[in-house]
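Structure below is start04.txt: compact mmCIF, C-alpha atoms and all ligand atoms.
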# COMPACT_ATOMS: atom_id res chain seq x y z
CA MET A 1 0.00 0.00 0.00
CA LYS A 2 0.91 3.64 -0.28
CA LEU A 3 -0.27 6.16 2.30
CA GLU A 4 -2.30 8.89 0.65
CA ARG A 5 -3.96 10.74 3.47
CA VAL A 6 -4.03 10.81 7.29
CA GLU A 7 -6.56 12.71 9.34
CA VAL A 8 -7.36 13.13 13.05
CA VAL A 9 -10.96 13.50 14.17
CA HIS A 10 -11.16 14.82 17.73
CA VAL A 11 -14.25 13.62 19.60
CA ALA A 12 -15.76 14.21 23.04
CA ILE A 13 -18.38 11.68 24.13
CA PRO A 14 -20.07 11.92 27.53
CA LEU A 15 -19.66 8.91 29.84
CA VAL A 16 -22.86 7.54 31.38
CA SER A 17 -21.34 8.13 34.84
CA PRO A 18 -18.06 9.60 36.12
CA PHE A 19 -15.22 7.07 36.29
CA ARG A 20 -12.90 7.63 39.25
CA THR A 21 -9.54 5.92 39.62
CA SER A 22 -6.57 6.55 41.90
CA PHE A 23 -5.24 8.99 39.26
CA GLY A 24 -8.34 11.07 38.54
CA THR A 25 -11.97 11.27 37.47
CA MET A 26 -13.18 11.08 33.88
CA THR A 27 -16.58 12.34 32.76
CA THR A 28 -16.11 12.34 28.99
CA LYS A 29 -14.13 10.26 26.53
CA ASP A 30 -12.06 13.00 24.96
CA THR A 31 -9.64 11.77 22.29
CA PHE A 32 -9.11 11.49 18.54
CA LEU A 33 -9.80 8.88 15.93
CA LEU A 34 -7.17 8.38 13.26
CA ARG A 35 -8.29 7.84 9.68
CA VAL A 36 -5.81 6.68 7.07
CA VAL A 37 -6.48 6.47 3.36
CA THR A 38 -4.22 4.28 1.25
CA ASP A 39 -4.27 3.46 -2.45
CA THR A 40 -6.26 0.28 -1.68
CA ALA A 41 -8.47 0.97 1.37
CA GLU A 42 -9.29 3.19 4.29
CA GLY A 43 -8.60 2.38 7.96
CA TRP A 44 -9.62 3.67 11.38
CA SER A 45 -8.18 3.56 14.87
CA GLU A 46 -8.55 5.36 18.19
CA PHE A 47 -5.92 7.05 20.36
CA ALA A 48 -6.35 5.42 23.78
CA ALA A 49 -5.02 7.98 26.27
CA ASP A 50 -6.60 11.11 27.74
CA PRO A 51 -6.06 14.87 27.40
CA GLN A 52 -3.85 14.79 30.50
CA PRO A 53 -0.88 12.46 31.11
CA ARG A 54 -2.19 10.86 34.29
CA TYR A 55 -2.54 7.18 33.42
CA CYS A 56 0.58 7.26 31.25
CA SER A 57 3.02 9.88 29.93
CA GLU A 58 1.19 10.28 26.61
CA PHE A 59 -1.73 12.65 26.06
CA VAL A 60 -4.04 13.70 23.25
CA ALA A 61 -2.43 16.95 22.07
CA GLY A 62 1.09 15.53 22.32
CA ALA A 63 0.16 12.40 20.39
CA GLU A 64 -1.23 14.44 17.50
CA LEU A 65 2.09 16.30 17.19
CA VAL A 66 4.15 13.12 17.47
CA LEU A 67 2.05 11.50 14.76
CA ARG A 68 2.18 14.57 12.50
CA ASP A 69 5.88 15.35 12.84
CA PHE A 70 7.56 11.99 13.50
CA LEU A 71 5.43 8.90 12.91
CA VAL A 72 3.25 9.57 9.88
CA PRO A 73 6.15 10.92 7.74
CA ARG A 74 8.08 7.68 8.36
CA ALA A 75 5.12 5.52 7.37
CA ALA A 76 4.42 7.72 4.36
CA ALA A 77 8.00 7.24 3.14
CA LEU A 78 7.50 3.46 2.84
CA PRO A 79 6.96 2.50 -0.81
CA ALA A 80 5.13 -0.74 0.11
CA LEU A 81 3.43 0.05 3.40
CA THR A 82 2.12 -2.81 5.55
CA ALA A 83 1.22 -2.81 9.25
CA ALA A 84 4.21 -5.03 10.01
CA LEU A 85 6.54 -2.36 8.58
CA VAL A 86 5.15 0.46 10.72
CA GLY A 87 6.91 -0.67 13.93
CA PRO A 88 10.36 -0.91 12.34
CA ALA A 89 9.82 2.39 10.47
CA VAL A 90 9.06 4.30 13.70
CA SER A 91 11.49 2.45 16.00
CA GLY A 92 13.95 5.36 15.88
CA ILE A 93 11.40 7.48 17.72
CA LYS A 94 11.61 6.74 21.43
CA GLY A 95 8.53 5.79 23.43
CA HIS A 96 5.09 7.05 22.37
CA GLU A 97 3.68 3.53 22.19
CA LEU A 98 0.07 4.73 22.28
CA ALA A 99 0.59 7.09 19.33
CA LYS A 100 2.44 4.33 17.45
CA ALA A 101 -0.39 1.92 18.19
CA ALA A 102 -2.93 4.32 16.69
CA LEU A 103 -0.96 4.54 13.45
CA GLU A 104 -0.21 0.83 13.16
CA THR A 105 -3.82 -0.11 13.89
CA ALA A 106 -5.32 2.23 11.29
CA VAL A 107 -2.83 0.90 8.71
CA LEU A 108 -3.64 -2.68 9.73
CA ASP A 109 -7.36 -1.98 9.38
CA ALA A 110 -6.83 -0.66 5.85
CA GLU A 111 -4.54 -3.56 4.94
CA LEU A 112 -6.94 -6.23 6.20
CA ARG A 113 -9.86 -4.53 4.46
CA SER A 114 -8.00 -4.75 1.20
CA TYR A 115 -7.49 -8.51 1.80
CA GLY A 116 -11.08 -8.93 3.04
CA MET A 117 -9.71 -10.44 6.27
CA PRO A 118 -11.11 -9.87 9.78
CA LEU A 119 -8.57 -8.80 12.43
CA ALA A 120 -9.55 -11.80 14.59
CA VAL A 121 -8.59 -14.20 11.79
CA TYR A 122 -5.31 -12.37 11.17
CA LEU A 123 -4.37 -12.51 14.87
CA GLY A 124 -5.28 -16.18 15.28
CA ALA A 125 -8.51 -15.98 17.27
CA VAL A 126 -10.07 -19.22 18.50
CA ARG A 127 -13.35 -17.84 19.91
CA GLU A 128 -16.41 -16.19 18.37
CA ARG A 129 -17.38 -14.39 21.57
CA VAL A 130 -15.50 -13.35 24.69
CA PRO A 131 -16.60 -13.15 28.33
CA ALA A 132 -16.99 -9.59 29.58
CA GLY A 133 -15.73 -8.20 32.87
CA VAL A 134 -16.36 -4.70 34.13
CA SER A 135 -14.10 -2.17 35.84
CA VAL A 136 -15.91 -0.35 38.66
CA GLY A 137 -14.60 3.05 39.72
CA ILE A 138 -14.02 4.41 43.23
CA LYS A 139 -17.34 5.55 44.76
CA GLU A 140 -18.41 8.00 47.45
CA SER A 141 -19.67 5.18 49.68
CA VAL A 142 -19.79 1.39 50.03
CA PRO A 143 -23.60 1.21 49.56
CA GLU A 144 -23.23 3.11 46.28
CA LEU A 145 -20.54 0.63 45.19
CA LEU A 146 -22.70 -2.37 46.09
CA ASP A 147 -25.60 -0.95 44.06
CA ASP A 148 -23.34 -0.53 41.02
CA VAL A 149 -21.87 -4.03 41.33
CA GLU A 150 -25.36 -5.51 41.73
CA ARG A 151 -26.53 -3.77 38.56
CA TYR A 152 -23.52 -4.98 36.55
CA LEU A 153 -24.03 -8.55 37.75
CA ALA A 154 -27.72 -8.35 36.84
CA GLU A 155 -26.66 -7.24 33.33
CA GLY A 156 -24.56 -10.39 33.08
CA TYR A 157 -20.94 -9.30 33.61
CA VAL A 158 -18.94 -12.34 34.63
CA ARG A 159 -16.12 -10.65 36.54
CA ILE A 160 -15.85 -7.52 38.67
CA LYS A 161 -12.76 -5.32 38.97
CA LEU A 162 -12.72 -2.72 41.73
CA LYS A 163 -10.53 0.34 41.43
CA ILE A 164 -8.69 0.84 44.73
CA GLU A 165 -6.46 3.43 46.41
CA PRO A 166 -5.23 3.96 49.98
CA GLY A 167 -8.38 4.45 52.07
CA TRP A 168 -10.58 2.54 49.58
CA ASP A 169 -9.34 -1.03 49.48
CA VAL A 170 -9.98 -3.61 52.23
CA GLU A 171 -13.38 -2.20 53.19
CA PRO A 172 -14.99 -2.19 49.71
CA VAL A 173 -13.46 -5.59 48.85
CA ARG A 174 -14.81 -7.08 52.07
CA ALA A 175 -18.26 -5.56 51.44
CA VAL A 176 -18.43 -6.94 47.88
CA ARG A 177 -17.30 -10.40 49.05
CA GLU A 178 -19.83 -10.45 51.89
CA ARG A 179 -22.69 -9.35 49.66
CA PHE A 180 -21.98 -11.37 46.50
CA GLY A 181 -20.12 -14.40 47.87
CA ALA A 182 -16.81 -16.17 47.53
CA ALA A 183 -17.54 -17.52 44.03
CA LEU A 184 -17.69 -14.10 42.35
CA PRO A 185 -14.61 -13.62 40.15
CA LEU A 186 -13.19 -10.46 41.73
CA GLN A 187 -10.00 -8.45 41.23
CA VAL A 188 -8.63 -4.99 42.07
CA ASP A 189 -6.65 -2.30 40.24
CA ALA A 190 -4.56 0.29 42.13
CA ASN A 191 -3.10 2.17 39.15
CA THR A 192 0.25 2.66 40.96
CA ALA A 193 -1.26 4.11 44.17
CA TYR A 194 0.84 2.17 46.74
CA THR A 195 4.47 1.72 47.77
CA LEU A 196 6.38 -1.27 49.09
CA ALA A 197 5.86 0.16 52.58
CA ASP A 198 2.18 -0.81 52.11
CA ALA A 199 3.02 -4.51 51.66
CA GLU A 200 1.65 -5.55 55.06
CA HIS A 201 -1.54 -3.60 54.42
CA LEU A 202 -1.99 -5.15 50.95
CA ARG A 203 -1.51 -8.59 52.50
CA ARG A 204 -4.87 -8.05 54.17
CA LEU A 205 -6.42 -8.50 50.72
CA ASP A 206 -5.11 -12.09 50.59
CA GLU A 207 -8.03 -13.40 52.65
CA PHE A 208 -10.55 -12.41 49.94
CA GLY A 209 -9.37 -14.83 47.25
CA LEU A 210 -8.90 -12.18 44.56
CA LEU A 211 -7.99 -13.22 41.02
CA LEU A 212 -5.25 -10.59 41.05
CA ILE A 213 -4.09 -7.16 42.18
CA GLU A 214 -3.23 -4.92 39.24
CA GLU A 215 -0.30 -2.46 39.21
CA PRO A 216 -0.09 -1.75 42.96
CA LEU A 217 3.31 0.02 42.77
CA ASP A 218 4.73 2.65 40.48
CA GLU A 219 5.13 2.24 36.76
CA ASN A 220 8.22 0.30 35.66
CA ASN A 221 9.09 -0.78 39.20
CA LEU A 222 9.56 -4.45 38.30
CA TYR A 223 11.93 -5.03 41.19
CA GLY A 224 9.43 -3.60 43.68
CA HIS A 225 6.60 -5.67 42.24
CA ALA A 226 8.73 -8.82 42.56
CA ARG A 227 9.48 -7.96 46.21
CA LEU A 228 5.79 -7.37 46.80
CA GLN A 229 4.75 -10.59 45.04
CA SER A 230 7.06 -12.56 47.34
CA ARG A 231 4.97 -11.28 50.27
CA LEU A 232 1.48 -11.69 48.76
CA ALA A 233 -0.62 -14.76 48.03
CA THR A 234 -2.75 -12.67 45.64
CA PRO A 235 -1.24 -12.79 42.13
CA VAL A 236 0.28 -9.48 41.02
CA CYS A 237 -0.82 -8.38 37.53
CA LEU A 238 1.04 -5.65 35.67
CA ASP A 239 -0.54 -3.01 33.44
CA GLU A 240 1.35 0.34 33.33
CA SER A 241 4.77 -1.33 33.78
CA LEU A 242 4.64 -3.52 30.66
CA HIS A 243 5.45 -1.71 27.41
CA ASN A 244 6.55 -4.60 25.18
CA ALA A 245 7.22 -8.34 25.02
CA ARG A 246 10.73 -7.94 26.43
CA ASP A 247 9.41 -6.18 29.58
CA THR A 248 6.88 -8.96 29.93
CA ALA A 249 9.49 -11.69 29.61
CA ALA A 250 11.64 -9.96 32.25
CA ALA A 251 8.69 -9.43 34.61
CA ILE A 252 7.69 -13.09 34.36
CA ALA A 253 11.28 -14.31 34.83
CA MET A 254 11.73 -12.24 37.99
CA ASP A 255 8.25 -13.13 39.34
CA ALA A 256 7.17 -9.48 39.27
CA CYS A 257 3.78 -10.63 37.97
CA ARG A 258 1.80 -13.85 37.68
CA VAL A 259 -0.87 -12.40 35.37
CA VAL A 260 -0.56 -9.94 32.46
CA ASN A 261 -2.96 -7.18 31.41
CA VAL A 262 -2.51 -6.76 27.65
CA LYS A 263 -3.54 -3.34 26.37
CA PRO A 264 -2.63 -3.12 22.70
CA ALA A 265 -2.32 0.67 22.87
CA ARG A 266 0.12 0.58 25.79
CA VAL A 267 2.47 -1.78 23.95
CA GLY A 268 2.52 -0.08 20.55
CA GLY A 269 -0.22 -2.04 18.80
CA TYR A 270 -1.76 -5.42 18.07
CA LEU A 271 1.39 -7.02 16.67
CA GLU A 272 3.35 -6.47 19.90
CA ALA A 273 0.22 -7.37 21.91
CA ARG A 274 0.17 -10.73 20.16
CA ARG A 275 3.87 -11.24 20.93
CA ILE A 276 3.14 -10.53 24.61
CA HIS A 277 0.32 -13.06 24.50
CA ASP A 278 2.73 -15.60 23.00
CA VAL A 279 5.46 -14.99 25.60
CA ALA A 280 3.03 -15.22 28.52
CA ARG A 281 1.31 -18.29 27.13
CA ALA A 282 4.63 -20.07 26.67
CA HIS A 283 5.26 -19.50 30.39
CA GLY A 284 1.76 -20.61 31.41
CA VAL A 285 0.96 -17.08 32.57
CA PRO A 286 -2.68 -16.05 31.99
CA VAL A 287 -3.39 -12.83 30.11
CA TRP A 288 -6.51 -10.71 29.74
CA CYS A 289 -7.42 -7.73 27.61
CA GLY A 290 -7.42 -4.38 29.39
CA GLY A 291 -9.37 -1.33 28.30
CA MET A 292 -9.11 2.45 28.17
CA LEU A 293 -12.81 3.31 28.04
CA GLU A 294 -12.61 2.97 24.27
CA THR A 295 -15.35 3.86 21.83
CA GLY A 296 -16.57 1.11 19.52
CA VAL A 297 -13.58 1.74 17.24
CA GLY A 298 -11.04 0.71 19.88
CA ARG A 299 -13.32 -1.89 21.44
CA ALA A 300 -13.84 -3.82 18.18
CA ALA A 301 -10.12 -4.45 17.79
CA ASN A 302 -9.69 -5.36 21.46
CA LEU A 303 -12.38 -8.03 21.12
CA ALA A 304 -10.47 -9.64 18.25
CA LEU A 305 -7.34 -9.83 20.42
CA ALA A 306 -9.28 -11.15 23.43
CA ALA A 307 -10.35 -14.12 21.30
CA LEU A 308 -6.78 -15.53 21.21
CA PRO A 309 -6.23 -18.79 23.12
CA GLY A 310 -4.06 -17.37 25.93
CA PHE A 311 -6.74 -14.89 27.02
CA THR A 312 -8.01 -17.19 29.74
CA LEU A 313 -9.36 -14.50 32.09
CA PRO A 314 -12.28 -12.15 31.31
CA GLY A 315 -11.14 -8.69 30.19
CA ASP A 316 -12.24 -5.11 30.79
CA THR A 317 -13.96 -5.28 27.39
CA SER A 318 -17.44 -4.21 28.52
CA ALA A 319 -20.50 -3.40 26.41
CA SER A 320 -20.87 0.07 24.85
CA SER A 321 -23.68 0.87 27.31
CA ARG A 322 -21.28 0.58 30.28
CA TYR A 323 -19.56 3.72 28.96
CA PHE A 324 -21.83 5.64 26.59
CA ALA A 325 -25.51 6.37 26.05
CA GLU A 326 -24.57 6.51 22.39
CA ASP A 327 -21.41 4.97 20.94
CA ILE A 328 -19.89 6.24 17.69
CA THR A 329 -20.15 2.78 16.09
CA GLU A 330 -22.99 0.27 16.18
CA PRO A 331 -23.03 -0.54 19.91
CA PHE A 332 -21.49 -3.71 21.35
CA VAL A 333 -24.22 -5.45 23.31
CA LEU A 334 -23.77 -7.98 26.10
CA VAL A 335 -25.39 -11.37 25.41
CA ASP A 336 -25.21 -13.92 28.18
CA GLY A 337 -22.20 -12.12 29.68
CA HIS A 338 -20.29 -12.16 26.39
CA LEU A 339 -19.49 -9.78 23.54
CA PRO A 340 -19.26 -10.93 19.92
CA VAL A 341 -15.92 -10.88 18.14
CA PRO A 342 -16.32 -8.83 14.93
CA ARG A 343 -16.26 -11.03 11.81
CA THR A 344 -16.10 -8.50 9.01
CA PRO A 345 -12.83 -7.35 7.38
CA GLY A 346 -10.34 -5.21 9.31
CA ILE A 347 -11.38 -4.10 12.79
CA GLY A 348 -14.94 -4.80 11.66
CA VAL A 349 -16.56 -1.46 12.53
CA GLU A 350 -16.62 2.13 11.30
CA PRO A 351 -17.83 5.32 12.93
CA LEU A 352 -21.47 6.06 12.07
CA PRO A 353 -21.15 9.27 10.02
CA GLY A 354 -24.05 11.15 11.63
CA VAL A 355 -23.06 10.26 15.20
CA LEU A 356 -19.41 11.00 14.51
CA ARG A 357 -20.32 14.43 13.16
CA ARG A 358 -22.27 15.26 16.32
CA PHE A 359 -19.43 14.26 18.64
CA THR A 360 -16.65 15.82 16.53
CA ARG A 361 -14.79 18.79 18.06
CA ALA A 362 -12.11 19.25 15.39
CA ARG A 363 -10.77 17.58 12.26
CA ARG A 364 -7.24 18.10 11.00
CA GLU A 365 -5.28 16.66 8.15
CA LEU A 366 -1.85 15.36 9.24
CA TYR A 367 -0.69 14.24 5.83
CA ARG A 368 -1.70 14.41 2.20
O1 LIG A 401 -5.94 0.84 34.55
O2 LIG A 401 -7.11 -0.53 33.48
C1 LIG A 401 -6.85 0.63 33.78
C2 LIG A 401 -9.47 2.96 32.27
C3 LIG A 401 -8.67 4.00 31.85
C4 LIG A 401 -7.33 3.96 32.09
C5 LIG A 401 -6.77 2.86 32.77
C6 LIG A 401 -7.56 1.80 33.16
C7 LIG A 401 -8.95 1.87 32.94
C8 LIG A 401 -9.88 0.86 33.40
C9 LIG A 401 -11.19 0.74 32.68
O3 LIG A 401 -9.71 0.16 34.37
C10 LIG A 401 -11.13 -0.28 31.59
C11 LIG A 401 -12.30 -0.19 30.64
O4 LIG A 401 -13.42 -0.51 31.04
O5 LIG A 401 -12.08 0.22 29.48
MG MG A 402 -5.06 -1.05 35.04
Let's see the structure in the file written out as structure tokens.
Ligand code: OSB
Ligand code: MG
Amino acid sequence: MKLERVEVVHVAIPLVSPFRTSFGTMTTKDTFLLRVVTDTAEGWSEFAADPQPRYCSEFVAGAELVLRDFLVPRAAALPALTAALVGPAVSGIKGHELAKAALETAVLDAELRSYGMPLAVYLGAVRERVPAGVSVGIKESVPELLDDVERYLAEGYVRIKLKIEPGWDVEPVRAVRERFGAALPLQVDANTAYTLADAEHLRRLDEFGLLLIEEPLDENNLYGHARLQSRLATPVCLDESLHNARDTAAAIAMDACRVVNVKPARVGGYLEARRIHDVARAHGVPVWCGGMLETGVGRAANLALAALPGFTLPGDTSASSRYFAEDITEPFVLVDGHLPVPRTPGIGVEPLPGVLRRFTRARRELYR
């Protein structure tokens, strides 16, 4: 393929309810979609981070500049562009995995559309639907949390993840266990809110039989997570700290994690995400697909990845209605606790033109 045109479409979509984590509160999904046009097809992707660098170092305005000035020109210079060549072409630019993932994914969507191949088939999916978990934010009170969890379980979600931070950890976990029982698949996510000095406190979570504790310590602190894991029965799962397959191999070898959250955006795209899946699977380490409150554009591709054989735990791939009253694609609907894996070529969805127009804040051409 040859790149002909690249465009960013900035969108702001209200969330159905505020989502609070240890790093902040989100009330709208505010990001951009990337649209690439090649000589054979068109492709879409979604930038996964937020306007402020609070989950990770990347942010919306910065990513647009990085794409415009450093990433897109390198892809545009390739005479025979394929998704597999994007990573090598941009490897001289340090970091910026989420921006790189947006570019690679849009190119991959276009490429697979020109072959008529669904992303799930390309990645090696073995499932037609995937079980859906849900990530539940920090609430004002325990009763409010229990109401939310009850509603999600009634909708059919098969696994609950509670966001935690110092002051909101043992008590909400205990309350959810007492109310919904020991059989409920339950896990927690601290988004880097603790230090090793909290190890004894975090050990109190061991009695609740959690599936995992996600990213308790700071980003990239593999040594600290290994020290912590040696003191916890609860499996440590890494999110923020894993940026590629090599990090993942190192973390597994040093017992810094016993479960892996794979977020394609965080690791530079679906090709590296698949390599992470392969490394973890070869070590018998379970993986699951994380989320970034994506619109249908990002969600569709995540569902394809979550259908790979090593994804043995339910992901944060929830239905569109968990996030938005109106999604910018046809909504993903929960059926019997599962979401369908898209079966049409590429990522399998496109923004609905009328809805996209209503949520669009700005459109800019990055390359022509
Ligand atoms: O740490 O997994 C995380 C959302 C935004 C940023 C980081 C995280 C999350 C979630 C929600 O936990 C996942 C989702 O439902 O998309
Ligand atoms: Mg996380």
Excluding region 261-273 of chain A and any residue of its chain fewer than 5 positions from it, enumerate the residues within 8 Å of it, using all atoms listed in the file, and give them as a ChimeraX atom specification. /A:47-48,84,87,96-102,104-105,237-240,242-245,287-291,302,305
With distances taken over all atoms listed in the file, which of A:Glu58, A:Glu128, A:Glu46, A:Glu219 is nearest to ligand MG 402 (chain A)? A:Glu219
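Here CA of Leu153 (chain A) and CA of Val134 (chain A) stand 9.3 Å from one another.
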If the limit is 10 Å from any atom of ligand LIG 401 (chain A), counting all atoms listed in the file, which residues qualify? Return them as a VMD selection string. chain A and resid 19 to 26 29 48 to 50 54 to 56 132 to 137 161 to 163 188 to 192 214 to 215 238 to 240 261 to 263 289 to 295 298 to 299 315 to 320 322 to 323
Closest of A:Ala76, A:Val170, A:Val236, A:Val341 to ligand MG 402 (chain A) - atom-to-atom distances counting only C-alpha atoms and all ligand atoms: A:Val236
Quick one: pull the distance between CA of Pro172 (chain A) and CA of Pro53 (chain A), Å, one decimal.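 Answer for the CA of Pro172 (chain A) to CA of Pro53 (chain A) separation: 27.6 Å.
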Pick out the residues sitting within 9 Å of Asp247 (chain A), and hand them over as a ChimeraX atom specification; count all atoms listed in the file, and ignore anything fewer than 5 positions along from it in its own chain. /A:220,222,241-242,252
Interatomic distance (Å, one decimal) between CA of Pro340 (chain A) and CA of Leu313 (chain A):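 Answer for the CA of Pro340 (chain A) to CA of Leu313 (chain A) separation: 16.1 Å.
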Within 7 Å of file point (9.6, -7.4, 41.0), counting all atoms listed in the file, expressed as a PyMOL selection string: chain A and resi 221-228+251+254-256
Long-range neighbours of region 349-355 of chain A as a ChimeraX atom specification, 12 Å cut-off, all atoms listed in the file, 6 positions minimum in chain: /A:9,11-13,33-35,42-46,106,109-110,113,118-119,295-304,325-332,341-343
Tell me which protein, DNA and RNA residues are within 12 Å of Ala182 (chain A), counting all atoms listed in the file, leaving out same-chain ones fewer than 2 positions away, and put them as a VMD selection string. chain A and resid 173 to 180 184 to 186 207 to 211
Which is closer to ligand MG 402 (chain A) than all the others in A:Leu212, A:Val66, A:Ala61, A:Val126, using only C-alpha atoms and all ligand atoms?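 The answer is A:Leu212, which sits nearest to ligand MG 402 (chain A).
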Kindly add N, CA and C atoms to the incomplete region 331-344 of chain A and provide the output as a PDB file, in the frame of the given file.
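result30.pdb was written with the following content:
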ATOM      1  N   PRO A 331     -23.448  -0.192  18.549  1.00  0.00           N
ATOM      2  CA  PRO A 331     -23.030  -0.540  19.910  1.00  0.00           C
ATOM      3  C   PRO A 331     -22.702  -2.029  20.069  1.00  0.00           C
ATOM      4  N   PHE A 332     -21.758  -2.318  20.956  1.00  0.00           N
ATOM      5  CA  PHE A 332     -21.490  -3.710  21.350  1.00  0.00           C
ATOM      6  C   PHE A 332     -22.409  -4.046  22.521  1.00  0.00           C
ATOM      7  N   VAL A 333     -23.177  -5.098  22.341  1.00  0.00           N
ATOM      8  CA  VAL A 333     -24.220  -5.450  23.310  1.00  0.00           C
ATOM      9  C   VAL A 333     -23.880  -6.771  23.989  1.00  0.00           C
ATOM     10  N   LEU A 334     -24.057  -6.786  25.309  1.00  0.00           N
ATOM     11  CA  LEU A 334     -23.770  -7.980  26.100  1.00  0.00           C
ATOM     12  C   LEU A 334     -24.856  -9.029  25.869  1.00  0.00           C
ATOM     13  N   VAL A 335     -24.442 -10.256  25.536  1.00  0.00           N
ATOM     14  CA  VAL A 335     -25.390 -11.370  25.410  1.00  0.00           C
ATOM     15  C   VAL A 335     -24.865 -12.498  26.278  1.00  0.00           C
ATOM     16  N   ASP A 336     -25.618 -12.827  27.313  1.00  0.00           N
ATOM     17  CA  ASP A 336     -25.210 -13.920  28.180  1.00  0.00           C
ATOM     18  C   ASP A 336     -23.788 -13.697  28.743  1.00  0.00           C
ATOM     19  N   GLY A 337     -23.509 -12.444  29.093  1.00  0.00           N
ATOM     20  CA  GLY A 337     -22.200 -12.120  29.680  1.00  0.00           C
ATOM     21  C   GLY A 337     -21.048 -12.074  28.704  1.00  0.00           C
ATOM     22  N   HIS A 338     -21.356 -12.143  27.401  1.00  0.00           N
ATOM     23  CA  HIS A 338     -20.290 -12.160  26.390  1.00  0.00           C
ATOM     24  C   HIS A 338     -20.504 -11.058  25.357  1.00  0.00           C
ATOM     25  N   LEU A 339     -19.406 -10.681  24.690  1.00  0.00           N
ATOM     26  CA  LEU A 339     -19.490  -9.780  23.540  1.00  0.00           C
ATOM     27  C   LEU A 339     -19.028 -10.542  22.304  1.00  0.00           C
ATOM     28  N   PRO A 340     -19.642 -10.247  21.151  1.00  0.00           N
ATOM     29  CA  PRO A 340     -19.260 -10.930  19.920  1.00  0.00           C
ATOM     30  C   PRO A 340     -17.941 -10.400  19.377  1.00  0.00           C
ATOM     31  N   VAL A 341     -17.147 -11.282  18.812  1.00  0.00           N
ATOM     32  CA  VAL A 341     -15.920 -10.880  18.140  1.00  0.00           C
ATOM     33  C   VAL A 341     -16.288 -10.471  16.706  1.00  0.00           C
ATOM     34  N   PRO A 342     -15.935  -9.254  16.284  1.00  0.00           N
ATOM     35  CA  PRO A 342     -16.320  -8.830  14.930  1.00  0.00           C
ATOM     36  C   PRO A 342     -15.789  -9.800  13.869  1.00  0.00           C
ATOM     37  N   ARG A 343     -16.622 -10.043  12.846  1.00  0.00           N
ATOM     38  CA  ARG A 343     -16.260 -11.030  11.810  1.00  0.00           C
ATOM     39  C   ARG A 343     -16.104 -10.432  10.436  1.00  0.00           C
ATOM     40  N   THR A 344     -16.244  -9.114  10.333  1.00  0.00           N
ATOM     41  CA  THR A 344     -16.100  -8.500   9.010  1.00  0.00           C
ATOM     42  C   THR A 344     -14.677  -7.960   8.848  1.00  0.00           C
TER      43      THR A 344
END
